[in-house]
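Taking it in order: structure first as structure tokens, then the write-up.
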Amino acid sequence: MNFPTNLKYTRDHEWIRVEGDTARVGITDYAQSELGEIVYVDITTEGETLNREAVFGTIEAVKTVSDLFLPVSGEVLEFNRQLEDKPELVNASPYEDGWLIRIKPADPAELDSLLSAEAYQQLIG
């Protein structure tokens, strides 16, 4: 299982990668493997400003539907449109092609409360 050290992680299995004044958000390799085959990603919060841990969408696998939680407060700038036709990208490439949203964090200090790769690995065992 892959845990890139340049990312921050949540206890709800989302990751965030800061890219200048914006950031990309997705689900972890662990989360996609637990969900199984991803068949649909539903994100309708593009353009909205949400608080940390707010639900920004859902992800549907063959066996379940799970809420997606925002790692830090901010504005949802963009949804990964590739996922409309290819939701399986989340399974194949959770940290690259399978990212979910791009956000503009409202308070970069909130990143300090997230988990490092090592702490996330300890969380999931």
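Ordering of the structure tokens sets the chain letters (A, B, ...), residue numbers begin anew at 1 in every chain, and ligands are numbered from 1 in the order given.
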
Could you name the residues that touch region 100-106 of chain A at 8 Å or less, counting only C-alpha atoms, but leaving out those on the same chain fewer than 4 positions away, as a PDB file with N, CA, C and O atoms, in the first residue's frame?
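out-v3.pdb written:
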ATOM      1  N   ASP A  21      -1.269  28.122  -3.532  1.00  0.00           N
ATOM      2  CA  ASP A  21      -2.372  28.584  -2.683  1.00  0.00           C
ATOM      3  C   ASP A  21      -3.636  27.740  -2.856  1.00  0.00           C
ATOM      4  O   ASP A  21      -4.696  28.089  -2.354  1.00  0.00           O
ATOM      5  N   THR A  22      -3.538  26.625  -3.582  1.00  0.00           N
ATOM      6  CA  THR A  22      -4.648  25.688  -3.705  1.00  0.00           C
ATOM      7  C   THR A  22      -4.175  24.311  -3.237  1.00  0.00           C
ATOM      8  O   THR A  22      -3.004  24.121  -2.913  1.00  0.00           O
ATOM      9  N   ALA A  23      -5.104  23.371  -3.216  1.00  0.00           N
ATOM     10  CA  ALA A  23      -4.755  22.010  -2.803  1.00  0.00           C
ATOM     11  C   ALA A  23      -5.680  21.021  -3.497  1.00  0.00           C
ATOM     12  O   ALA A  23      -6.833  21.344  -3.814  1.00  0.00           O
ATOM     13  N   ARG A  24      -5.174  19.825  -3.738  1.00  0.00           N
ATOM     14  CA  ARG A  24      -5.990  18.738  -4.277  1.00  0.00           C
ATOM     15  C   ARG A  24      -6.353  17.807  -3.128  1.00  0.00           C
ATOM     16  O   ARG A  24      -5.576  17.621  -2.199  1.00  0.00           O
ATOM     17  N   VAL A  25      -7.540  17.206  -3.253  1.00  0.00           N
ATOM     18  CA  VAL A  25      -8.056  16.301  -2.226  1.00  0.00           C
ATOM     19  C   VAL A  25      -8.513  15.021  -2.901  1.00  0.00           C
ATOM     20  O   VAL A  25      -9.094  15.054  -3.991  1.00  0.00           O
ATOM     21  N   GLY A  26      -8.262  13.896  -2.246  1.00  0.00           N
ATOM     22  CA  GLY A  26      -8.734  12.610  -2.743  1.00  0.00           C
ATOM     23  C   GLY A  26      -8.892  11.651  -1.594  1.00  0.00           C
ATOM     24  O   GLY A  26      -8.794  12.030  -0.430  1.00  0.00           O
ATOM     25  N   ILE A  27      -9.134  10.373  -1.932  1.00  0.00           N
ATOM     26  CA  ILE A  27      -9.181   9.347  -0.895  1.00  0.00           C
ATOM     27  C   ILE A  27      -7.904   8.519  -0.976  1.00  0.00           C
ATOM     28  O   ILE A  27      -7.275   8.422  -2.022  1.00  0.00           O
ATOM     29  N   VAL A  72      -9.771  20.404   5.261  1.00  0.00           N
ATOM     30  CA  VAL A  72      -9.624  21.754   5.809  1.00  0.00           C
ATOM     31  C   VAL A  72     -10.731  22.633   5.236  1.00  0.00           C
ATOM     32  O   VAL A  72     -11.275  22.336   4.184  1.00  0.00           O
ATOM     33  N   SER A  73     -11.053  23.702   5.919  1.00  0.00           N
ATOM     34  CA  SER A  73     -12.055  24.653   5.419  1.00  0.00           C
ATOM     35  C   SER A  73     -11.559  25.301   4.135  1.00  0.00           C
ATOM     36  O   SER A  73     -10.360  25.538   3.978  1.00  0.00           O
ATOM     37  N   GLY A  74     -12.493  25.596   3.226  1.00  0.00           N
ATOM     38  CA  GLY A  74     -12.101  26.284   2.006  1.00  0.00           C
ATOM     39  C   GLY A  74     -13.154  26.220   0.926  1.00  0.00           C
ATOM     40  O   GLY A  74     -14.231  25.631   1.103  1.00  0.00           O
ATOM     41  N   GLU A  75     -12.822  26.848  -0.194  1.00  0.00           N
ATOM     42  CA  GLU A  75     -13.720  26.888  -1.346  1.00  0.00           C
ATOM     43  C   GLU A  75     -13.388  25.745  -2.297  1.00  0.00           C
ATOM     44  O   GLU A  75     -12.231  25.533  -2.652  1.00  0.00           O
ATOM     45  N   VAL A  76     -14.421  25.022  -2.709  1.00  0.00           N
ATOM     46  CA  VAL A  76     -14.257  23.947  -3.686  1.00  0.00           C
ATOM     47  C   VAL A  76     -14.172  24.600  -5.068  1.00  0.00           C
ATOM     48  O   VAL A  76     -15.155  25.140  -5.568  1.00  0.00           O
ATOM     49  N   LEU A  77     -12.984  24.566  -5.657  1.00  0.00           N
ATOM     50  CA  LEU A  77     -12.743  25.245  -6.933  1.00  0.00           C
ATOM     51  C   LEU A  77     -13.066  24.385  -8.139  1.00  0.00           C
ATOM     52  O   LEU A  77     -13.509  24.900  -9.172  1.00  0.00           O
ATOM     53  N   GLU A  78     -12.827  23.096  -8.018  1.00  0.00           N
ATOM     54  CA  GLU A  78     -12.907  22.248  -9.202  1.00  0.00           C
ATOM     55  C   GLU A  78     -13.149  20.799  -8.806  1.00  0.00           C
ATOM     56  O   GLU A  78     -12.618  20.320  -7.815  1.00  0.00           O
ATOM     57  N   PHE A  79     -13.964  20.117  -9.598  1.00  0.00           N
ATOM     58  CA  PHE A  79     -14.179  18.680  -9.490  1.00  0.00           C
ATOM     59  C   PHE A  79     -13.408  18.018 -10.627  1.00  0.00           C
ATOM     60  O   PHE A  79     -13.374  18.546 -11.745  1.00  0.00           O
ATOM     61  N   ASN A  80     -12.779  16.901 -10.382  1.00  0.00           N
ATOM     62  CA  ASN A  80     -12.035  16.165 -11.413  1.00  0.00           C
ATOM     63  C   ASN A  80     -13.026  15.560 -12.402  1.00  0.00           C
ATOM     64  O   ASN A  80     -13.572  14.487 -12.176  1.00  0.00           O
ATOM     65  N   LEU A  83     -13.527  11.872 -13.716  1.00  0.00           N
ATOM     66  CA  LEU A  83     -14.211  10.853 -12.931  1.00  0.00           C
ATOM     67  C   LEU A  83     -15.658  10.652 -13.355  1.00  0.00           C
ATOM     68  O   LEU A  83     -16.264   9.643 -13.008  1.00  0.00           O
TER      69      LEU A  83
END

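Among the candidates A:Val18, A:Val55, A:Val65, A:Leu35, the residue lying nearest to Asn6 (chain A) is A:Val18 (atoms considered: only C-alpha atoms).
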
**Request:** Enumerate as a VMD selection string all residues of region 2-125 of chain A assigned to alpha helix (DSSP H) by DSSP on the backbone, naming them with the chain letters and numbers the document uses.
**Result:** chain A and resid 29 to 35 82 to 85 89 to 92 117 to 124

**Counting only C-alpha atoms, the option among A:Leu114, A:Leu89, A:Val41, A:Ile59 closest to Tyr9 (chain A)** = A:Leu114

**Message:** Using Å and a single decimal, report how far CA of Ala92 (chain A) sits from CA of Glu53 (chain A).
**Reply:**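 Distance between the two atoms: 25.4 Å.
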
**Asked** What is the distance, in Å and to one decimal place, between CA of Gln121 (chain A) and CA of Ile43 (chain A)?
**Response** 27.1 Å

**Message:** Report as a VMD selection string all protein, DNA and RNA residues lying within 10 Å of Tyr120 (chain A), evaluated on only C-alpha atoms, omitting residues in the same chain fewer than 5 positions from it.
**Reply:** chain A and resid 3 8 to 11 13 15 28 114 to 115 125

**Item:** Given only C-alpha atoms as the counted atoms, nearest of A:Asp112, A:Glu96, A:Glu88, A:Glu118 to Pro71 (chain A)
**Value:**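 That would be A:Asp112, the residue with the smallest distance to Pro71 (chain A).
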
**Asked** Which residues, written as a VMD selection string, have at least one atom at most 10 Å from Asp67 (chain A), with only C-alpha atoms counted and residues fewer than 5 positions away on the same chain left out?
**Response** chain A and resid 12 42 54 to 60
